[in-house]
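Coordinates as given in upload.cif (mmCIF, C-alpha atoms):
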```
data_query
loop_
_atom_site.group_PDB
_atom_site.id
_atom_site.type_symbol
_atom_site.label_atom_id
_atom_site.label_comp_id
_atom_site.auth_asym_id
_atom_site.auth_seq_id
_atom_site.Cartn_x
_atom_site.Cartn_y
_atom_site.Cartn_z
ATOM 1 C CA MET A 40 -6.573 -4.708 16.871
ATOM 2 C CA LYS A 41 -3.611 -5.299 14.541
ATOM 3 C CA ASP A 42 -0.793 -7.618 15.575
ATOM 4 C CA PRO A 43 2.108 -5.450 16.833
ATOM 5 C CA ILE A 44 4.441 -7.280 14.426
ATOM 6 C CA PRO A 45 3.293 -6.674 10.835
ATOM 7 C CA SER A 46 2.964 -9.697 8.527
ATOM 8 C CA LYS A 47 5.063 -10.294 5.421
ATOM 9 C CA GLU A 48 1.943 -9.814 3.295
ATOM 10 C CA GLU A 49 1.311 -6.403 4.860
ATOM 11 C CA PHE A 50 4.945 -5.399 4.347
ATOM 12 C CA MET A 51 4.961 -6.424 0.685
ATOM 13 C CA GLN A 52 1.759 -4.452 0.100
ATOM 14 C CA VAL A 53 3.512 -1.374 1.464
ATOM 15 C CA CYS A 54 6.484 -1.909 -0.883
ATOM 16 C CA ASP A 55 4.084 -1.880 -3.841
ATOM 17 C CA ARG A 56 2.057 1.035 -2.455
ATOM 18 C CA VAL A 57 4.901 3.516 -2.017
ATOM 19 C CA LYS A 58 6.827 2.618 -5.195
ATOM 20 C CA PRO A 59 5.107 5.191 -7.480
ATOM 21 C CA TYR A 60 5.728 8.007 -4.974
ATOM 22 C CA VAL A 61 9.395 7.613 -3.993
ATOM 23 C CA HIS A 62 12.754 7.393 -5.723
ATOM 24 C CA LYS A 63 14.415 4.005 -6.001
ATOM 25 C CA THR A 64 17.671 5.328 -4.591
ATOM 26 C CA PRO A 65 21.067 4.175 -5.885
ATOM 27 C CA VAL A 66 23.488 1.844 -4.118
ATOM 28 C CA LEU A 67 27.094 3.028 -4.190
ATOM 29 C CA THR A 68 30.362 1.309 -3.316
ATOM 30 C CA SER A 69 33.860 2.565 -2.497
ATOM 31 C CA SER A 70 37.008 0.491 -3.002
ATOM 32 C CA PHE A 71 38.781 2.732 -0.455
ATOM 33 C CA LEU A 72 36.151 2.144 2.242
ATOM 34 C CA ASN A 73 36.103 -1.581 1.453
ATOM 35 C CA GLU A 74 39.868 -1.645 1.921
ATOM 36 C CA ILE A 75 40.005 0.203 5.233
ATOM 37 C CA SER A 76 37.036 -1.710 6.668
ATOM 38 C CA GLY A 77 38.090 -5.149 5.414
ATOM 39 C CA ALA A 78 34.521 -5.747 4.246
ATOM 40 C CA SER A 79 32.351 -5.251 1.145
ATOM 41 C CA LEU A 80 30.146 -2.234 1.771
ATOM 42 C CA PHE A 81 26.976 -1.354 -0.129
ATOM 43 C CA PHE A 82 25.670 2.137 0.629
ATOM 44 C CA LYS A 83 21.908 2.644 0.166
ATOM 45 C CA CYS A 84 21.800 6.368 -0.651
ATOM 46 C CA GLU A 85 18.622 7.734 0.895
ATOM 47 C CA ASN A 86 20.278 11.157 0.763
ATOM 48 C CA PHE A 87 19.043 11.073 -2.859
ATOM 49 C CA GLN A 88 15.454 10.392 -1.790
ATOM 50 C CA LYS A 89 12.765 13.032 -2.361
ATOM 51 C CA MET A 90 13.257 15.816 0.243
ATOM 52 C CA GLY A 91 16.660 14.294 0.968
ATOM 53 C CA ALA A 92 15.934 11.497 3.434
ATOM 54 C CA PHE A 93 14.357 8.058 3.925
ATOM 55 C CA LYS A 94 11.489 9.614 5.887
ATOM 56 C CA MET A 95 9.606 10.374 2.678
ATOM 57 C CA ARG A 96 8.814 6.641 2.499
ATOM 58 C CA GLY A 97 7.053 6.433 5.851
ATOM 59 C CA ALA A 98 5.253 9.744 5.412
ATOM 60 C CA ILE A 99 3.776 8.793 2.043
ATOM 61 C CA ASN A 100 2.659 5.367 3.279
ATOM 62 C CA ALA A 101 0.998 6.815 6.375
ATOM 63 C CA ILE A 102 -1.002 9.375 4.369
ATOM 64 C CA LEU A 103 -1.986 6.834 1.698
ATOM 65 C CA GLN A 104 -3.539 4.670 4.425
ATOM 66 C CA LEU A 105 -5.896 7.409 5.616
ATOM 67 C CA SER A 106 -9.572 7.533 4.652
ATOM 68 C CA ASP A 107 -10.819 10.217 2.247
ATOM 69 C CA GLU A 108 -12.415 11.994 5.191
ATOM 70 C CA GLN A 109 -9.145 12.017 7.120
ATOM 71 C CA LYS A 110 -7.206 13.262 4.088
ATOM 72 C CA LYS A 111 -9.679 16.120 3.717
ATOM 73 C CA ALA A 112 -9.009 17.235 7.304
ATOM 74 C CA GLY A 113 -5.225 17.071 6.917
ATOM 75 C CA VAL A 114 -2.309 15.644 8.878
ATOM 76 C CA VAL A 115 -0.182 16.985 11.714
ATOM 77 C CA THR A 116 3.166 16.107 13.244
ATOM 78 C CA HIS A 117 5.794 17.669 15.485
ATOM 79 C CA SER A 118 9.342 17.655 14.136
ATOM 80 C CA SER A 119 12.256 20.013 13.725
ATOM 81 C CA GLY A 120 13.929 17.967 11.055
ATOM 82 C CA ASN A 121 13.481 15.522 8.217
ATOM 83 C CA PHE A 122 10.002 14.253 9.082
ATOM 84 C CA ALA A 123 8.642 17.811 9.054
ATOM 85 C CA GLN A 124 9.860 18.098 5.466
ATOM 86 C CA ALA A 125 8.791 14.567 4.534
ATOM 87 C CA LEU A 126 5.216 14.917 5.758
ATOM 88 C CA SER A 127 4.906 18.333 4.115
ATOM 89 C CA LEU A 128 6.079 17.094 0.720
ATOM 90 C CA ALA A 129 4.162 13.805 0.884
ATOM 91 C CA ALA A 130 0.982 15.694 1.806
ATOM 92 C CA GLN A 131 1.529 18.237 -0.966
ATOM 93 C CA ASN A 132 1.986 15.440 -3.521
ATOM 94 C CA LEU A 133 -1.294 13.856 -2.423
ATOM 95 C CA GLY A 134 -3.310 17.075 -2.169
ATOM 96 C CA VAL A 135 -3.517 16.936 1.635
ATOM 97 C CA LYS A 136 -2.976 19.813 4.095
ATOM 98 C CA ALA A 137 -0.003 19.350 6.462
ATOM 99 C CA TYR A 138 0.293 21.125 9.822
ATOM 100 C CA ILE A 139 3.817 21.032 11.248
ATOM 101 C CA VAL A 140 4.717 21.915 14.838
ATOM 102 C CA MET A 141 8.346 23.045 14.993
ATOM 103 C CA PRO A 142 10.330 24.238 18.018
ATOM 104 C CA GLU A 143 10.992 27.970 17.918
ATOM 105 C CA ASN A 144 14.753 27.332 17.911
ATOM 106 C CA ALA A 145 14.644 25.136 14.782
ATOM 107 C CA PRO A 146 17.080 26.411 12.110
ATOM 108 C CA ASN A 147 15.539 28.808 9.594
ATOM 109 C CA VAL A 148 16.775 26.638 6.731
ATOM 110 C CA LYS A 149 14.522 23.816 8.000
ATOM 111 C CA LYS A 150 11.528 26.098 8.444
ATOM 112 C CA GLU A 151 12.028 27.436 4.927
ATOM 113 C CA ALA A 152 12.165 23.904 3.519
ATOM 114 C CA VAL A 153 8.905 22.940 5.275
ATOM 115 C CA SER A 154 7.204 26.084 3.975
ATOM 116 C CA SER A 155 8.466 25.431 0.440
ATOM 117 C CA TYR A 156 6.792 22.006 0.568
ATOM 118 C CA GLY A 157 3.481 23.584 1.594
ATOM 119 C CA GLY A 158 3.616 22.745 5.308
ATOM 120 C CA SER A 159 1.775 25.122 7.655
ATOM 121 C CA ILE A 160 4.148 25.804 10.559
ATOM 122 C CA THR A 161 3.136 26.349 14.169
ATOM 123 C CA GLU A 162 6.049 27.262 16.445
ATOM 124 C CA SER A 163 6.249 26.014 20.016
ATOM 125 C CA LYS A 164 8.708 25.925 22.886
ATOM 126 C CA SER A 165 11.407 23.328 22.289
ATOM 127 C CA THR A 166 10.300 20.871 24.989
ATOM 128 C CA LEU A 167 8.605 17.638 23.931
ATOM 129 C CA GLU A 168 5.613 18.482 26.133
ATOM 130 C CA ALA A 169 5.122 21.838 24.401
ATOM 131 C CA ARG A 170 5.410 20.267 20.946
ATOM 132 C CA GLU A 171 2.894 17.528 21.817
ATOM 133 C CA ASN A 172 0.451 20.034 23.284
ATOM 134 C CA ALA A 173 0.634 22.209 20.174
ATOM 135 C CA ALA A 174 0.036 19.174 17.929
ATOM 136 C CA ASN A 175 -2.900 18.044 20.094
ATOM 137 C CA ASN A 176 -4.463 21.511 19.814
ATOM 138 C CA ILE A 177 -4.302 21.290 16.012
ATOM 139 C CA VAL A 178 -5.913 17.836 16.097
ATOM 140 C CA LEU A 179 -8.778 19.279 18.169
ATOM 141 C CA GLU A 180 -9.168 22.480 16.121
ATOM 142 C CA LYS A 181 -8.731 21.118 12.605
ATOM 143 C CA GLY A 182 -9.671 17.456 12.967
ATOM 144 C CA ALA A 183 -6.275 16.597 11.456
ATOM 145 C CA THR A 184 -4.765 13.125 11.950
ATOM 146 C CA PHE A 185 -1.580 13.031 14.027
ATOM 147 C CA ILE A 186 1.280 11.070 12.446
ATOM 148 C CA HIS A 187 4.276 10.398 14.681
ATOM 149 C CA PRO A 188 7.694 10.673 12.963
ATOM 150 C CA SER A 189 8.866 7.209 14.047
ATOM 151 C CA ASN A 190 6.413 5.533 16.420
ATOM 152 C CA ASN A 191 3.660 4.803 13.911
ATOM 153 C CA ARG A 192 2.989 1.425 12.305
ATOM 154 C CA GLU A 193 2.494 2.777 8.773
ATOM 155 C CA VAL A 194 5.573 4.982 9.053
ATOM 156 C CA ILE A 195 7.693 2.019 10.223
ATOM 157 C CA LEU A 196 6.513 -0.130 7.320
ATOM 158 C CA GLY A 197 7.226 2.654 4.849
ATOM 159 C CA GLN A 198 10.756 3.163 6.170
ATOM 160 C CA GLY A 199 11.456 -0.548 5.671
ATOM 161 C CA THR A 200 11.069 -0.214 1.918
ATOM 162 C CA ALA A 201 14.601 1.219 1.618
ATOM 163 C CA ALA A 202 16.091 -2.027 2.952
ATOM 164 C CA ALA A 203 13.696 -4.024 0.777
ATOM 165 C CA GLU A 204 15.089 -2.316 -2.322
ATOM 166 C CA LEU A 205 18.626 -2.958 -1.101
ATOM 167 C CA LEU A 206 17.971 -6.663 -0.526
ATOM 168 C CA ASN A 207 16.256 -7.015 -3.888
ATOM 169 C CA ASN A 208 19.463 -5.776 -5.514
ATOM 170 C CA PHE A 209 21.887 -7.542 -3.157
ATOM 171 C CA PRO A 210 20.174 -10.619 -1.671
ATOM 172 C CA ASN A 211 23.379 -12.092 -0.203
ATOM 173 C CA LEU A 212 24.099 -9.413 2.387
ATOM 174 C CA ASP A 213 25.333 -10.682 5.763
ATOM 175 C CA TYR A 214 24.348 -7.506 7.620
ATOM 176 C CA ILE A 215 22.447 -4.271 7.186
ATOM 177 C CA ILE A 216 23.407 -1.440 9.511
ATOM 178 C CA SER A 217 21.062 1.460 10.161
ATOM 179 C CA PRO A 218 21.407 4.543 12.350
ATOM 180 C CA VAL A 219 19.087 4.508 15.373
ATOM 181 C CA GLY A 220 17.166 7.606 16.486
ATOM 182 C CA GLY A 221 13.432 7.315 17.010
ATOM 183 C CA GLY A 222 13.513 3.687 15.882
ATOM 184 C CA GLY A 223 11.308 3.830 12.784
ATOM 185 C CA LEU A 224 14.096 3.167 10.277
ATOM 186 C CA ILE A 225 15.783 0.321 12.122
ATOM 187 C CA ALA A 226 12.440 -1.352 12.922
ATOM 188 C CA GLY A 227 11.387 -1.192 9.263
ATOM 189 C CA THR A 228 14.824 -2.393 8.166
ATOM 190 C CA ALA A 229 14.620 -5.333 10.563
ATOM 191 C CA LEU A 230 11.222 -6.334 9.149
ATOM 192 C CA ALA A 231 12.586 -6.174 5.592
ATOM 193 C CA ALA A 232 15.541 -8.400 6.443
ATOM 194 C CA HIS A 233 13.338 -10.843 8.352
ATOM 195 C CA TYR A 234 10.927 -11.234 5.441
ATOM 196 C CA LEU A 235 13.322 -11.037 2.486
ATOM 197 C CA SER A 236 16.516 -12.769 3.641
ATOM 198 C CA LYS A 237 17.385 -16.068 5.263
ATOM 199 C CA LYS A 238 20.692 -14.887 6.717
ATOM 200 C CA CYS A 239 20.909 -11.069 6.818
ATOM 201 C CA LYS A 240 21.177 -9.651 10.351
ATOM 202 C CA VAL A 241 20.247 -6.073 11.192
ATOM 203 C CA LEU A 242 22.344 -3.946 13.527
ATOM 204 C CA GLY A 243 21.983 -0.383 14.716
ATOM 205 C CA GLY A 244 24.544 2.362 15.074
ATOM 206 C CA GLU A 245 24.142 4.947 17.816
ATOM 207 C CA PRO A 246 26.250 7.717 19.393
ATOM 208 C CA PHE A 247 27.494 7.253 22.953
ATOM 209 C CA GLY A 248 26.077 10.741 23.543
ATOM 210 C CA ALA A 249 22.505 9.583 22.791
ATOM 211 C CA ASP A 250 22.558 5.871 23.597
ATOM 212 C CA ASP A 251 18.985 5.316 24.778
ATOM 213 C CA ALA A 252 18.395 2.535 22.234
ATOM 214 C CA PHE A 253 21.505 0.644 23.372
ATOM 215 C CA ARG A 254 20.353 0.877 26.989
ATOM 216 C CA SER A 255 16.775 -0.053 26.053
ATOM 217 C CA PHE A 256 18.112 -3.078 24.180
ATOM 218 C CA GLN A 257 20.013 -4.137 27.303
ATOM 219 C CA SER A 258 17.232 -3.536 29.835
ATOM 220 C CA GLY A 259 14.295 -4.720 27.710
ATOM 221 C CA LYS A 260 12.318 -1.524 28.348
ATOM 222 C CA ILE A 261 12.349 1.920 26.731
ATOM 223 C CA GLU A 262 15.015 4.099 28.334
ATOM 224 C CA GLU A 263 15.345 7.867 28.030
ATOM 225 C CA ASN A 264 18.274 10.188 27.437
ATOM 226 C CA ILE A 265 18.794 12.633 30.283
ATOM 227 C CA GLU A 266 21.582 14.519 28.528
ATOM 228 C CA ILE A 267 22.145 14.428 24.791
ATOM 229 C CA ASN A 268 25.455 15.417 23.282
ATOM 230 C CA THR A 269 26.083 14.390 19.688
ATOM 231 C CA VAL A 270 26.790 15.899 16.303
ATOM 232 C CA ALA A 271 24.266 13.375 14.886
ATOM 233 C CA ASP A 272 21.305 15.668 15.484
ATOM 234 C CA GLY A 273 18.858 13.336 13.715
ATOM 235 C CA LEU A 274 19.407 10.673 16.389
ATOM 236 C CA ARG A 275 18.383 12.688 19.422
ATOM 237 C CA THR A 276 14.880 11.208 19.635
ATOM 238 C CA GLN A 277 13.928 8.041 21.512
ATOM 239 C CA LEU A 278 12.240 4.712 20.785
ATOM 240 C CA GLY A 279 8.482 4.191 21.043
ATOM 241 C CA ASP A 280 6.035 1.418 21.930
ATOM 242 C CA GLN A 281 5.270 0.663 18.250
ATOM 243 C CA ASN A 282 8.843 0.149 17.083
ATOM 244 C CA PHE A 283 10.543 -1.220 20.200
ATOM 245 C CA PRO A 284 8.846 -4.673 20.086
ATOM 246 C CA ILE A 285 10.093 -5.091 16.491
ATOM 247 C CA ILE A 286 13.595 -3.950 17.453
ATOM 248 C CA LYS A 287 13.724 -6.344 20.423
ATOM 249 C CA LYS A 288 12.623 -9.260 18.262
ATOM 250 C CA TYR A 289 14.536 -8.740 15.019
ATOM 251 C CA VAL A 290 17.594 -6.523 15.656
ATOM 252 C CA SER A 291 20.783 -8.389 16.578
ATOM 253 C CA GLU A 292 22.898 -5.682 18.187
ATOM 254 C CA ILE A 293 23.320 -1.951 18.677
ATOM 255 C CA ILE A 294 26.844 -0.565 18.389
ATOM 256 C CA ARG A 295 27.786 2.713 20.055
ATOM 257 C CA VAL A 296 30.319 5.079 18.501
ATOM 258 C CA GLU A 297 32.294 8.108 19.678
ATOM 259 C CA GLU A 298 31.832 11.595 18.238
ATOM 260 C CA GLU A 299 35.286 11.559 16.621
ATOM 261 C CA GLU A 300 34.402 8.270 14.915
ATOM 262 C CA ILE A 301 31.210 9.784 13.497
ATOM 263 C CA ILE A 302 33.067 12.822 12.168
ATOM 264 C CA THR A 303 35.828 10.653 10.645
ATOM 265 C CA ALA A 304 33.233 8.462 8.904
ATOM 266 C CA LEU A 305 31.370 11.557 7.699
ATOM 267 C CA ARG A 306 34.574 12.982 6.218
ATOM 268 C CA TYR A 307 35.328 9.673 4.451
ATOM 269 C CA ILE A 308 31.882 9.678 2.800
ATOM 270 C CA TRP A 309 32.161 13.300 1.678
ATOM 271 C CA GLU A 310 35.778 13.051 0.496
ATOM 272 C CA ARG A 311 35.876 9.559 -0.969
ATOM 273 C CA MET A 312 32.329 8.989 -2.205
ATOM 274 C CA LYS A 313 31.756 12.630 -3.234
ATOM 275 C CA ILE A 314 28.259 12.738 -1.772
ATOM 276 C CA VAL A 315 26.586 14.979 0.805
ATOM 277 C CA VAL A 316 25.220 13.163 3.854
ATOM 278 C CA GLU A 317 24.256 14.388 7.305
ATOM 279 C CA PRO A 318 26.185 13.296 10.426
ATOM 280 C CA SER A 319 23.454 10.814 11.453
ATOM 281 C CA SER A 320 24.083 8.909 8.202
ATOM 282 C CA ALA A 321 27.755 8.433 9.058
ATOM 283 C CA VAL A 322 26.997 6.573 12.297
ATOM 284 C CA ALA A 323 26.422 3.273 10.451
ATOM 285 C CA LEU A 324 29.815 3.442 8.706
ATOM 286 C CA ALA A 325 31.452 4.483 11.984
ATOM 287 C CA SER A 326 30.003 1.319 13.564
ATOM 288 C CA VAL A 327 31.653 -0.887 10.921
ATOM 289 C CA LEU A 328 34.998 0.853 11.323
ATOM 290 C CA ARG A 329 34.802 0.501 15.116
ATOM 291 C CA LYS A 330 34.193 -3.271 14.918
ATOM 292 C CA LYS A 331 36.339 -4.285 11.949
ATOM 293 C CA GLU A 332 37.030 -7.804 13.234
ATOM 294 C CA LYS A 333 33.339 -8.570 13.513
ATOM 295 C CA PHE A 334 32.685 -7.499 9.918
ATOM 296 C CA ARG A 335 35.836 -8.720 8.191
ATOM 297 C CA ASN A 336 35.128 -10.258 4.756
ATOM 298 C CA LYS A 337 31.368 -9.770 5.187
ATOM 299 C CA LYS A 338 28.902 -8.167 2.784
ATOM 300 C CA ILE A 339 27.321 -5.216 4.553
ATOM 301 C CA GLY A 340 24.486 -2.911 3.561
ATOM 302 C CA ILE A 341 24.751 0.568 5.056
ATOM 303 C CA ILE A 342 21.742 2.857 5.005
ATOM 304 C CA LEU A 343 22.772 6.470 4.439
ATOM 305 C CA SER A 344 19.669 7.918 6.003
ATOM 306 C CA GLY A 345 19.729 11.466 4.627
ATOM 307 C CA GLY A 346 21.599 14.434 3.236
ATOM 308 C CA ASN A 347 19.851 17.445 4.776
ATOM 309 C CA VAL A 348 22.890 19.071 6.303
ATOM 310 C CA ASP A 349 23.381 22.621 7.520
ATOM 311 C CA LEU A 350 26.307 23.677 5.334
ATOM 312 C CA SER A 351 27.078 26.630 7.620
ATOM 313 C CA ASN A 352 27.586 24.273 10.577
ATOM 314 C CA LEU A 353 29.751 21.386 9.396
ATOM 315 C CA PRO A 354 31.717 19.451 12.055
ATOM 316 C CA PHE A 355 34.948 19.538 10.015
#
```
Rewritten as structure tokens:
Amino acid sequence: MKDPIPSKEEFMQVCDRVKPYVHKTPVLTSSFLNEISGASLFFKCENFQKMGAFKMRGAINAILQLSDEQKKAGVVTHSSGNFAQALSLAAQNLGVKAYIVMPENAPNVKKEAVSSYGGSITESKSTLEARENAANNIVLEKGATFIHPSNNREVILGQGTAAAELLNNFPNLDYIISPVGGGGLIAGTALAAHYLSKKCKVLGGEPFGADDAFRSFQSGKIEENIEINTVADGLRTQLGDQNFPIIKKYVSEIIRVEEEEIITALRYIWERMKIVVEPSSAVALASVLRKKEKFRNKKIGIILSGGNVDLSNLPF
């Protein structure tokens, strides 16, 4: 059985493995956002990643690690958002069949994107139980390998390659801040900082309206959200047993932000940086602006997790 905490050697192998299949995304800065935050901010733009989000990294790594026999049978996941698109595109690029379970109330624009990437959609009721049951049925019928969107070792390692690129370009960062949803991105980011920097601390940003990670961090066990109310729809999932041990060990703090703070940060990024990001991406910047004293005069990496936004449903 593999150690729950991946080794540096394993992580570096993943960085090399995914490189030919993903974009090395740009890092942008904004003198305006530096001024109002009192810090030097370096935005890692995963909104420019293939399919528009960091999740391409984890999806491609997970599929590349399968045996030829497993690849022949295909892969399956349940997701209404970015991982559905990521697994579909990664599978298409590698000549593998992807089966995607999506809740029946998922926006049509997301279903269309999955279909355009070659994903075979099965609709289910929107409950987690219904989605898991539908995915399990596909595993039994097709022999496909289930790949969880965030609670999968290979996915976590793949997501960490975004922070690895950032630290290779800017090795003197004091902090990297990542949004926290299912925990795959922040766990991978924390591994990257642990292995590639002597001083960089990793923090998470999370909405008050979906603060399960904050509460899990406090209690030391995985907590659930009973009610979820946030514009950051990509952060409505919860942590898992693969990523939580990494988060507990290597993440310094999780900062909660209000909905108005998320929307303000989102508007700043759109208006001042002239780039399209989804609300979940703005949570990291909102965290810096909420805790300006903590970050004053520091060098901070901010992971803009994705840009797959529903343009007919903007919060401003």
Spatial neighbours of Ser165 in chain A, max dist 9 Å, only C-alpha atoms, sep filter under 2 positions, as an mmCIF file with C-alpha atoms, keeping the file's coordinate frame:
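Contents of selection.cif, as written:
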```cif
data_model
loop_
_atom_site.group_PDB
_atom_site.id
_atom_site.type_symbol
_atom_site.label_atom_id
_atom_site.label_comp_id
_atom_site.auth_asym_id
_atom_site.auth_seq_id
_atom_site.Cartn_x
_atom_site.Cartn_y
_atom_site.Cartn_z
ATOM 1 C CA MET A 141 8.346 23.045 14.993
ATOM 2 C CA PRO A 142 10.330 24.238 18.018
ATOM 3 C CA GLU A 143 10.992 27.970 17.918
ATOM 4 C CA ASN A 144 14.753 27.332 17.911
ATOM 5 C CA ALA A 145 14.644 25.136 14.782
ATOM 6 C CA GLU A 162 6.049 27.262 16.445
ATOM 7 C CA SER A 163 6.249 26.014 20.016
ATOM 8 C CA LEU A 167 8.605 17.638 23.931
ATOM 9 C CA GLU A 168 5.613 18.482 26.133
ATOM 10 C CA ALA A 169 5.122 21.838 24.401
ATOM 11 C CA ARG A 170 5.410 20.267 20.946
#
```
Report task. Any chance you could resolve the PyMOL selection byres ((chain A and resi 212-217) around 9) against this file and give the residues as a ChimeraX atom specification? Result -> /A:81,202,206,209-211,218-219,224-225,228-229,232,236,238-245,320,322-324,326-327,334,337-344
**Report entry** Chain and number of each residue from the PyMOL selection byres ((chain A and resi 94) around 10), as a PyMOL selection string
**Finding:** chain A and resi 85+88-93+95-99+121-126+129+188-189+194-195+197-198+201+223-224+344-345
Keeping C-alpha atoms, export the residues of the selection given above as a PDB file, in the coordinates of the input.
```pdb
ATOM      1  CA  GLU A  85      18.622   7.734   0.895  1.00  0.00           C
ATOM      2  CA  GLN A  88      15.454  10.392  -1.790  1.00  0.00           C
ATOM      3  CA  LYS A  89      12.765  13.032  -2.361  1.00  0.00           C
ATOM      4  CA  MET A  90      13.257  15.816   0.243  1.00  0.00           C
ATOM      5  CA  GLY A  91      16.660  14.294   0.968  1.00  0.00           C
ATOM      6  CA  ALA A  92      15.934  11.497   3.434  1.00  0.00           C
ATOM      7  CA  PHE A  93      14.357   8.058   3.925  1.00  0.00           C
ATOM      8  CA  MET A  95       9.606  10.374   2.678  1.00  0.00           C
ATOM      9  CA  ARG A  96       8.814   6.641   2.499  1.00  0.00           C
ATOM     10  CA  GLY A  97       7.053   6.433   5.851  1.00  0.00           C
ATOM     11  CA  ALA A  98       5.253   9.744   5.412  1.00  0.00           C
ATOM     12  CA  ILE A  99       3.776   8.793   2.043  1.00  0.00           C
ATOM     13  CA  ASN A 121      13.481  15.522   8.217  1.00  0.00           C
ATOM     14  CA  PHE A 122      10.002  14.253   9.082  1.00  0.00           C
ATOM     15  CA  ALA A 123       8.642  17.811   9.054  1.00  0.00           C
ATOM     16  CA  GLN A 124       9.860  18.098   5.466  1.00  0.00           C
ATOM     17  CA  ALA A 125       8.791  14.567   4.534  1.00  0.00           C
ATOM     18  CA  LEU A 126       5.216  14.917   5.758  1.00  0.00           C
ATOM     19  CA  ALA A 129       4.162  13.805   0.884  1.00  0.00           C
ATOM     20  CA  PRO A 188       7.694  10.673  12.963  1.00  0.00           C
ATOM     21  CA  SER A 189       8.866   7.209  14.047  1.00  0.00           C
ATOM     22  CA  VAL A 194       5.573   4.982   9.053  1.00  0.00           C
ATOM     23  CA  ILE A 195       7.693   2.019  10.223  1.00  0.00           C
ATOM     24  CA  GLY A 197       7.226   2.654   4.849  1.00  0.00           C
ATOM     25  CA  GLN A 198      10.756   3.163   6.170  1.00  0.00           C
ATOM     26  CA  ALA A 201      14.601   1.219   1.618  1.00  0.00           C
ATOM     27  CA  GLY A 223      11.308   3.830  12.784  1.00  0.00           C
ATOM     28  CA  LEU A 224      14.096   3.167  10.277  1.00  0.00           C
ATOM     29  CA  SER A 344      19.669   7.918   6.003  1.00  0.00           C
ATOM     30  CA  GLY A 345      19.729  11.466   4.627  1.00  0.00           C
TER      31      GLY A 345
END
```
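Considering the residues A:Thr200, A:Gly158, A:Gly227, A:Glu180 and counting all atoms listed in the file, Gln52 in chain A has its shortest atom-to-atom contact with A:Thr200.
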Requested in this report: Rank A:Val135, A:Glu74, A:Pro318, A:Thr64 by their smallest atom-to-atom distance to Glu108 in chain A, using all atoms listed in the file, and report the top residue only.
Outcome: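 The answer is A:Val135, which sits nearest to Glu108 in chain A.
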Report task. Check the smallest atom-to-atom distance from each of A:Gly120, A:Gly248, A:Gly134, A:Gly221 to Gln281 in chain A using all atoms listed in the file, then report the winner. Result ->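 Checking each candidate against Gln281 in chain A, we get A:Gly221 as the closest.
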Query raised in the report: Using only C-alpha atoms, which of the listed residues (A:Lys333, A:Phe247, A:Glu266, A:Gly279) sits closest to Glu299 in chain A?
Result: A:Phe247
Query raised in the report: So what does the PyMOL selection byres ((chain A and resi 297) around 12) actually pick up in this one, as a VMD selection string?
Result: chain A and resid 244 to 250 268 to 271 294 to 296 298 to 304 321 to 323 325 to 326 328 to 329
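Across the model, the gap from CA of Glu193 in chain A to CA of Gln104 in chain A is 7.7 Å.
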Requested in this report: Enter the distance from CA of Asn207 in chain A to CA of Ile285 in chain A, in Å, rounded to one decimal.
Outcome: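 Going from CA of Asn207 in chain A over to CA of Ile285 in chain A covers 21.4 Å.
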Query raised in the report: Taking into account all atoms listed in the file, which residue in the set A:Leu235, A:Val153, A:Leu350, A:Val140 is nearest to Asn175 in chain A?
Result: A:Val140
Query raised in the report: So what do you get for CA of Asn347 in chain A versus CA of His233 in chain A, distance-wise?
Result: 29.2 Å
Query - Pick from A:Asn172, A:Asn132, A:Asn208, A:Ser127, whichever lies nearest to Gly157 in chain A using all atoms listed in the file - result: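 The answer is A:Ser127, which sits nearest to Gly157 in chain A.
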Query raised in the report: Which polymer residues have any atom within 10 Å of an atom of Leu133 in chain A, counting only C-alpha atoms, with same-chain residues fewer than 2 positions away left out, as an MDAnalysis selection string?
Result: chainID A and resid 60 99 102:103 110 128:131 135:136
Requested in this report: Go ahead and find all residues with at least one atom no further than 12 Å from (11.0, -2.3, 23.5) in the file's coordinates, using all atoms listed in the file; report them as a VMD selection string.
Outcome: chain A and resid 43 190 221 to 222 226 251 to 263 277 to 290
Query raised in the report: Which residues, protein or nucleic acid, reach to within 7 Å of (20.5, 15.2, 12.9) in the file's coordinates when using all atoms listed in the file, and can you give that as JSON, numbers by chain?
Result: {"A": [271, 272, 273, 274, 317, 318, 319]}
Write out as JSON an axis-aligned box for range 220-236 of chain A: all of its atoms listed in the file, 4 Å added on each side, centre and edge lengths in Å with one decimal.
```
{"center_x": 14.0, "center_y": -2.6, "center_z": 9.7, "size_x": 14.2, "size_y": 28.4, "size_z": 22.5}
```
How would range 232-236 of chain A of the given structure read as a file with N, CA and C atoms, as a PDB file, in the first residue's frame?
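The result, stored in part-v8.pdb:
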```pdb
ATOM      1  N   ALA A 232       4.518  23.140  -2.560  1.00  0.00           N
ATOM      2  CA  ALA A 232       5.231  24.106  -1.717  1.00  0.00           C
ATOM      3  C   ALA A 232       6.161  23.399  -0.736  1.00  0.00           C
ATOM      4  N   HIS A 233       5.705  22.284  -0.190  1.00  0.00           N
ATOM      5  CA  HIS A 233       6.530  21.528   0.760  1.00  0.00           C
ATOM      6  C   HIS A 233       7.806  21.024   0.093  1.00  0.00           C
ATOM      7  N   TYR A 234       7.696  20.555  -1.133  1.00  0.00           N
ATOM      8  CA  TYR A 234       8.843  19.950  -1.809  1.00  0.00           C
ATOM      9  C   TYR A 234       9.738  20.959  -2.529  1.00  0.00           C
ATOM     10  N   LEU A 235       9.183  22.109  -2.930  1.00  0.00           N
ATOM     11  CA  LEU A 235       9.929  23.019  -3.787  1.00  0.00           C
ATOM     12  C   LEU A 235      10.309  24.340  -3.125  1.00  0.00           C
ATOM     13  N   SER A 236       9.890  24.567  -1.889  1.00  0.00           N
ATOM     14  CA  SER A 236      10.197  25.838  -1.235  1.00  0.00           C
ATOM     15  C   SER A 236      10.549  25.618   0.227  1.00  0.00           C
TER      16      SER A 236
END
```
